[in-house]
Amino acid sequence: FLLENLHFIQEFLRDCPHLIEALFYSEEFPESLKECDLSHVDSVAVKDHVFNSVTDVKHSSGCVAVVKMLPRPIAFDIAYRHVLFLCDIQQPRNIGAVIRNAVAFGCDAIIVTSECADIYHPESICASAGQLLKIPIYYAADIAIKDIMHQFKCYLLDSNATQKVTVVNA
């Protein structure tokens, strides 16, 4: 996936440089990356018009990192106690915001259905504020949900619900 926010690129270079495949920058190397260790990263200067054709943001920092997607975790840890189950969240920025907040509130993991927006969508990445790698994200299709749900107290949140919170004892 592409990482376009300069601050997030710096965090990835610091915290998980092995995930960065390449770094592309627009003609002039960004000053703020000069302090980063780039010895293991392929860095390539490209013409402005080429750079502008691949960036999605209106006000680019002049730098884009190509980052490896994390392997999809399969084995669900039964020791998890605080797990978010996201069903069919369509807006990428909402997925990113949930990821960011799940980390902030100390959740152990997130499970997403196949109908959820892509966690690697540029809007998801931006809204997650760099927190994407700080929580395991499982795909419901990869794990036996019905086999693990009995260990949790479930709260169903639905914008069309008539009650504020519904407690489901699985």
# chains A, B, ... in the order shown; residues from 1 in each chain; ligands from 1
$ residues_around --residues "Asn52 in chain A" --least-positions-apart "2" --cutoff "12 Å" --atoms "only C-alpha atoms" --output "list in words"
Glu4, Phe24, Tyr25, Ser26, Glu27, Val46, Lys47, Asp48, His49, Val50, Val54, Thr55, Asp56, Val57, Lys58, His59, Ser60, Ser61, Gly62, Cys63 and Val64 of chain A
$ residues_around --residues "Tyr80 in chain A" --least-positions-apart "6" --cutoff "9 Å" --atoms "only C-alpha atoms" --output "list in words"
Cys107, Asp108 and Ala109 of chain A
$ write_last_selection --atoms "C-alpha atoms" --output "short mmCIF file (atom, residue, chain, number, x, y, z; two decimals), in the first residue's frame"
data_model
loop_
_atom_site.label_atom_id
_atom_site.label_comp_id
_atom_site.auth_asym_id
_atom_site.auth_seq_id
_atom_site.Cartn_x
_atom_site.Cartn_y
_atom_site.Cartn_z
CA CYS A 107 -8.49 -3.17 22.34
CA ASP A 108 -6.75 -6.48 21.72
CA ALA A 109 -7.87 -7.07 18.13
#
$ closest_residue --among "A:Lys134, A:His121, A:Arg81, A:His40" --to "Glu11 in chain A" --atoms "only C-alpha atoms"
A:Lys134
$ select_by_dssp --residues "range 76-150 of chain A" --states "helix (DSSP H, G or I)" --output "PyMOL selection string"
chain A and resi 92-104+122-127+132-134+140-142+145-150
$ atom_distance --atom1 "CA of Glu31 in chain A" --atom2 "CA of Ser128 in chain A"
24.6 Å
$ residues_around --residues "Asn101 in chain A" --least-positions-apart "4" --cutoff "10 Å" --atoms "only C-alpha atoms" --output "PyMOL selection string"
chain A and resi 95-97+105-107+128-129+131
$ select_by_dssp --residues "range 14-158 of chain A" --states "strand (DSSP E or B)" --output "ChimeraX atom specification"
/A:20-26,42-46,63-67,83-86,109-112,137-139,153-156
$ residues_around --residues "range 137-147 of chain A" --least-positions-apart "4" --cutoff "7 Å" --atoms "only C-alpha atoms" --output "count of residues only"
9
$ closest_residue --among "A:Ala75, A:Val83, A:Ala102, A:Ile148" --to "Leu132 in chain A" --atoms "only C-alpha atoms"
A:Ala102
$ residues_around --residues "Asp118 in chain A" --least-positions-apart "2" --cutoff "10 Å" --atoms "only C-alpha atoms" --output "number ranges by chain"
A: 89-93, 95-96, 112, 114-116, 120-125
